[in-house]
Amino acid sequence: MQLKKISVSGGICALACMSALFLGACTRKEEPKKTAQTSTQQAHDTLAKIKEKKVLTVGVKADTPPYGFIPQGKSEPEGFDIDIAKQIAKRMGVKLNMVVVTSANRIANLTTGKVDMLASSLVHTRARDKVIDYSVTYFADSQKILVPEGSSIKDLDDLAGKTVAVGQGSIQEQMIKKLQPKAKILSLAKWSDTLQALSTHQAEAIFSAAGVLGQLKKTAAEAGLNLKMVGKDGLEPIPYAIGVRQGDAALRDEVDFLLMSMVDDGTYKKIFEKWWGEIYSQPYKVEVWPK
Amino acid sequence: MNSGLDWQVIFGPEGRHLLATGLWVTIQLSFYSIVFSTVVGLLIAMGRVSQSAVLTPLRAVLAAITEIFRNIPLLVHLAFWNFGIFGFAWVQAAVHPATSLYSLQFLASICALVTYRCSYVAEVFRSGLQSIPKGQMEAARATGLSYGKTMRRVVLPQVARIVIPPLGNQYVGVTKNTSVVLVIGVKDLVFQAYQIESVTFQVFLAFGSVMVIFSAVCLLESAALNWCARWMDRKWGGAIRPAGKKQVSAVTA
Amino acid sequence: MHAIIENLPYMLGGLPYTFGLAVIGIFFSFFAGALLAILRLSKIKWLHYPAVVYIEVTRSIPLILFIFFVYFMIAGMGYNVSAFSAAAIATVVFYSTYIAEIVRAGIQSVDGGQMEAARATGLSYVRAMKKVVLPQAIRRMVPALVSEFTIIIKESSLAMVIGVPEFFNRVFITNARVLTEPLALLGFAALIYFIICYVLSLLSRRLELRVDQ
C-alpha cells in the first residue's frame with residue numbers, strides 16, 4: 001500500500017513538473033512581451049500623469065535604516081531615500097505619496113504600476129536593469145568590516161579562516177565569497193541577527209555596507225557592546241539609484257535632472273550630511289552633466 | 001519576476017550543487033537528531049516506567065521536563081541552544097574539537113531538535129513499554145533470567161514491534177523539523193532554496209523544487225520505516241498488539 | 001530581568017498576532033479539512049485518489065517552505081500581501097490536511113449502527129449525517145482540535161521568517177537589540193509559550209474525558 005502511494009505521488013509530481021515545464025515554456029514566450037508592452041504603455045504616460053494628477057507615488061522602505069525606516073515613536077517612514085523623494089516631488093511641484101514596499105515586492109509594485117518610482121535602497125544591478133530602468137546613481141556605499149573593539153582584524157586579509165557574519169541573500173554574501181574565499185561565512189536571516197552572533201562569539205566580524213554597519217554599531221553601543229569599523233575605504237562600492245519602469249524615459253530624465261539640480265544648489269550635500277555625515281566625510285559625487 | 005521560468009537555476013551545475021549540499025546537510029541533521037532523540041527518549045521512558053520507590057523524585061523530574069519541553073516551540077529551543085547555551089565561552093571551548101567537522105550552529109541545531117522531539121519519543125516508548133503485560137516480566141524472572149536479560153530478550157523485542165510505526169511518524173517529523181535551522185544560519189536545503197531565490201528571483205522554481213525534494217525524502221523515509229515495521233512483524237510476529245486503536249498519531253508537529 | 005520588564009509591552013503586543021494566526025488557521029482549516037476529509041472518504045475514484053495524494057504530499061513538506069512560497073509568490077506577482085496574510089494562508093493550506101485526518105477519524109469513530117438506525121427510521125443520508133452522525137463526530141473531534149490549536153500556536157513562531165510581528169519575533173528582535181540577556185529573554189518566551197500551551201493541553205485532556213463518557 002505504501003509503495004503504491006509512493007508511485008501514485010511520484011506520478012503526480014512528475015505530471016506537475018511536466019505541466020509546469022509546459023507553462024514555463026508558454027509563459028516565457030508571452031510574458032516578456034506583455035510586461036514590456038504594459039510597462040512601456042504606462043511608461044509613456046507616467047510623467048504626464050504625475051503632472052496632471054499632481055501626485056508622485058514613490059515606493060519607500062520602512063525597515064532599512066538609514067534609507068527608510070520608522071523611528072521610535074513615529075508612524076511615518078523617514079530616511080535618506082525619503083528626503084531625496086520629498087525633494088524630487090517638491091521640485092516637480094507635486095504632492096508626494098509614499099507607499100511602503102519591501103525587498104520582496106518592490107519590483108513588482110513598480111512594474112504593475114502601483115508606484116511611479118522606487119526610492120527604496122534599490123541597488124543598481126545589471127540583472128535588474130533588464131527588468132526596470134534606473135536614474136543616475138545617487139549614492140554608493142562601500143563595504144567595511146565591523147569587529148569588536150579589541151579585535152586584531154584590520155583588513156580583508158585578516159579575515160582568512162575567521163567566521164564572518166552576513167545577511168542571507170544579501171549582495172555582501174556573494175561578495176565576501178569572492179573577496180576572501182578563505183573566510184568562514186555565517187549567513188543569518190537579518191542583519192540584526194549578526195550582532196547576536198558577534199556578541200556570542202559565534203562570528204568574529206560582520207561584513208556589510210558602511211550604512212548597515214553604522215546602524216549596527218549604534219545598536220550595539222546602546223547595548224553596551226563597543227564595535228569598530230575597519231577596512232580600507234572605497235571597497236566594492238554598491239550603487240544606489242531611483243527605479244522607474246522599463247522604457248520610462250521622460251520620468252527618468254526628469255529625475256536625473258532634478259537630482260543634478262539638488263547637487264547644484266547644495267541641497268544634496270545637506271541631505272547627505274544629515275544621514276551619512278558620521279560615516280562619510282565627503283558627499284558622494286553624483287554624476288552631474290553640463291547643462 | 002515576470003521573465004518566465006528559468007529551469008537552469010535548479011538544473012544547471014550551480015543550482016544542483018547548492019541543492020545537493022543542502023540536501024546532504026539536511027540528511028546529516030536528521031540522522032543525528034533521530035539517533036540521539038531515540039536514545040534520550042528511551043532513557044526518559046524507562047525512567048518514567050520504572051516502579052521502584054527510590055526513583056520517585058526522578059520520575060517527577062522527568063515528567064516535568066517532558067511536559068515543559070513539549071509545550072515550547074522548536075524555534076525557542078533552537079534560539080535557546082544557539083544564543084543561550086552555545087553563547088557561553090566555556091561551552092564553545094568544550095565542543096571545540098567537534099567544530100572542525102561541524103559548525104557550532106549545526107551542533108546547537110541537533111541539541112534543539114533532540115530536546116524538542118525527545119518528549120514525544122519518550123511518550124511513544126512509554127506507552128509501548130506499558131503495553132507489555134506485567135506477566136511477561138514476572139514469568140521471565142521466574143524462569144531465572146536477570147532483569148537485563150529479560151529486558152533484552154523478552155520485553156524490548158516486543159516493544160520494538162509495537163513502537164516502530166509511531167516512532168516512524170516521529171522520525172519523519174524530525175526530518176521536517178530540520179527545515180527551520182536556516183534561522184540560525186545552518187546551510188540546509190531550505191537555506192539553499194532561499195539563496196537561489198535571492199539571486200535569481202525564481203520563487204516558484206527555488207522553493208517548488210525544494211518542496212518536491214522534501215516530499216520525496218519524507219515519503220521515502222516513511223516507506224522505509226513501514227517496511228521495517230513489517231519486517232519486524234514477520235520476524236517476531238505473534239506478540240501483543242493494542243487492538244483496534246489507531247497507533248499512528250495524526251497529530252505530529 | 002531588566003530587559004524583560006522594559007520590553008514587556010512590546011513583546012506581549014505580539015501575542016494578538018500569534019493568537020490571530022492560530023484562530024484564523026484553525027477556523028479556516030476546519031472547513032478546508034472537512035472538505036478534504038469528505039473527498040478522501042468518497043467512493044468516487046477520481047475524487048478519492050487526488051485527495052489522498054494531496055494529503056500525503058502536503059504532510060511531507062515542512063510548514064516553513066509553505067510560508068516562504070506563499071509570501072514570495074504573491075508578493076512577486078505584485079500584490080501588497082502583508083506578511084500576516086501570507087502566513088495565515090500558508091497555515092490554513094498546511095493544517096487543513098491534518099484537520100482532514102481528525103475529521104475523518106471523528107466521523108469514522110461514530111458507530112456504524114448509528115447511521116443504520118437513523119436510516120431505518122426514515123431519515124435521508126444527508127439528514128442522518130446532519131442530525132445524528134455529525135453532532136457526535138464533532139463532539140469527539142473537539143479534544144483533537146484543541147490539541148491541534150495548541151500545535152498551531154507553537155508553529156506560529158515560524159511566521160517570523162517573513163517578518164510577522166508575532167510574539168517570538170518580537171522577543172528575538174528585542175534580544176538582537178539588548179544583546180546581553182539572551183537566556184533571560186528566551187527563557188521568558190519559553191515560559192509564556194509553556195503557560196499558554198500547557199493550559200490548552202489540560203483543557204484538551206479534560207474535554208477528552210468528558211467525551212468518553
# chains A, B, ... in the order shown; residues from 1 in each chain; ligands from 1

call {"tool": "interface_residues", "arguments": {"of": "chain C", "to": "chain B", "cutoff": "8 Å", "atoms": "only C-alpha atoms", "output": "JSON, numbers by chain"}}
result
{"C": [57, 58, 60, 61, 62, 64, 65, 68, 69, 72, 73, 76, 77, 98, 101, 102, 148, 151, 154, 155, 157, 158, 161, 168, 182, 183, 186, 187, 189, 190, 193, 194, 197, 198]}

call {"tool": "residues_around", "arguments": {"residues": "Leu12 of chain C", "least_positions_apart": "3", "cutoff": "9 Å", "atoms": "only C-alpha atoms", "output": "list in words"}}
result
Asn7, Leu8, Pro9, Leu15, Pro16, Glu166, Phe167, Arg170 and Val171 of chain C

call {"tool": "select_by_dssp", "arguments": {"residues": "segment 28-167 of chain A", "states": "helix (DSSP H, G or I)", "output": "ChimeraX atom specification"}}
result
/A:28-53,80-92,106-111,126-129,156-159

call {"tool": "closest_residue", "arguments": {"among": "C:Leu209, C:Leu179, C:Leu21, C:Ala118", "to": "Asn226 of chain A", "atoms": "only C-alpha atoms"}}
result
C:Leu179

call {"tool": "residues_around", "arguments": {"residues": "Met46 of chain B", "least_positions_apart": "5", "cutoff": "10 Å", "atoms": "only C-alpha atoms", "output": "mmCIF file with C-alpha atoms, in the first residue's frame"}}
result
data_model
loop_
_atom_site.group_PDB
_atom_site.id
_atom_site.type_symbol
_atom_site.label_atom_id
_atom_site.label_comp_id
_atom_site.auth_asym_id
_atom_site.auth_seq_id
_atom_site.Cartn_x
_atom_site.Cartn_y
_atom_site.Cartn_z
ATOM 1 C CA VAL B 40 17.266 10.167 25.095
ATOM 2 C CA GLY B 41 13.583 9.326 24.618
ATOM 3 C CA GLN B 51 8.397 1.016 39.536
ATOM 4 C CA ARG B 59 10.071 10.212 37.782
ATOM 5 C CA ALA B 122 9.530 9.200 25.257
ATOM 6 C CA PHE B 125 8.277 4.359 24.211
ATOM 7 C CA ARG B 126 6.360 4.765 27.449
ATOM 8 C CA LEU B 129 6.618 -0.350 27.460
ATOM 9 C CA GLN B 130 3.407 -0.109 29.433
#

call {"tool": "residues_around", "arguments": {"residues": "Glu236 of chain A", "least_positions_apart": "5", "cutoff": "12 Å", "atoms": "only C-alpha atoms", "output": "MDAnalysis selection string"}}
result
chainID A and resid 140:144 156 171:172 174:176 178:179 207:210 231

call {"tool": "interface_residues", "arguments": {"of": "chain A", "to": "chain C", "cutoff": "10 Å", "atoms": "only C-alpha atoms", "output": "ChimeraX atom specification"}}
result
/A:5-6,8-13,100-114,189-200,216,219-225

call {"tool": "atom_distance", "arguments": {"atom1": "atom CA of Val286 of chain A", "atom2": "atom CA of Thr137 of chain A"}}
result
6.5 Å

call {"tool": "interface_residues", "arguments": {"of": "chain B", "to": "chain A", "cutoff": "6 Å", "atoms": "only C-alpha atoms", "output": "MDAnalysis selection string"}}
result
chainID B and resid 3:5 87 183:185 195 198 223

call {"tool": "write_last_selection", "arguments": {"atoms": "C-alpha atoms", "output": "mmCIF file, in the first residue's frame"}}
result
data_model
loop_
_atom_site.group_PDB
_atom_site.id
_atom_site.type_symbol
_atom_site.label_atom_id
_atom_site.label_comp_id
_atom_site.auth_asym_id
_atom_site.auth_seq_id
_atom_site.Cartn_x
_atom_site.Cartn_y
_atom_site.Cartn_z
ATOM 1 C CA SER B 3 10.552 36.823 -17.195
ATOM 2 C CA GLY B 4 9.275 33.256 -17.319
ATOM 3 C CA LEU B 5 10.663 30.184 -15.638
ATOM 4 C CA GLY B 87 26.901 31.563 23.619
ATOM 5 C CA VAL B 183 17.129 30.797 11.060
ATOM 6 C CA ILE B 184 20.438 30.338 12.852
ATOM 7 C CA GLY B 185 22.454 30.031 9.694
ATOM 8 C CA GLN B 195 19.816 31.520 -1.604
ATOM 9 C CA SER B 198 17.514 35.782 -3.625
ATOM 10 C CA ALA B 223 8.023 3.885 3.201
#

call {"tool": "residues_around", "arguments": {"residues": "segment 72-83 of chain A", "least_positions_apart": "4", "cutoff": "10 Å", "atoms": "only C-alpha atoms", "output": "PyMOL selection string"}}
result
chain A and resi 58-68+87-89+96+98-100+118-122+138-139+240-242+268+271-276

call {"tool": "atom_distance", "arguments": {"atom1": "atom CA of Phe257 of chain A", "atom2": "atom CA of Leu56 of chain A"}}
result
16.2 Å

call {"tool": "residues_around", "arguments": {"residues": "Met115 of chain C", "least_positions_apart": "3", "cutoff": "8 Å", "atoms": "only C-alpha atoms", "output": "ChimeraX atom specification"}}
result
/C:111-112,118-119,128-129,132-133

call {"tool": "closest_residue", "arguments": {"among": "C:Arg210, C:Ala184, C:Gly14, C:Phe19", "to": "Ile196 of chain C", "atoms": "only C-alpha atoms"}}
result
C:Phe19

call {"tool": "residues_around", "arguments": {"residues": "Val110 of chain C", "least_positions_apart": "6", "cutoff": "10 Å", "atoms": "only C-alpha atoms", "output": "JSON, numbers by chain"}}
result
{"C": [132, 133, 134, 135, 136, 137, 138, 140]}

call {"tool": "atom_distance", "arguments": {"atom1": "atom CA of Glu116 of chain C", "atom2": "atom CA of Arg40 of chain C"}}
result
21.4 Å

call {"tool": "closest_residue", "arguments": {"among": "B:Ser100, B:Thr115, B:Gln92, B:Ser52", "to": "Leu78 of chain B", "atoms": "only C-alpha atoms"}}
result
B:Thr115
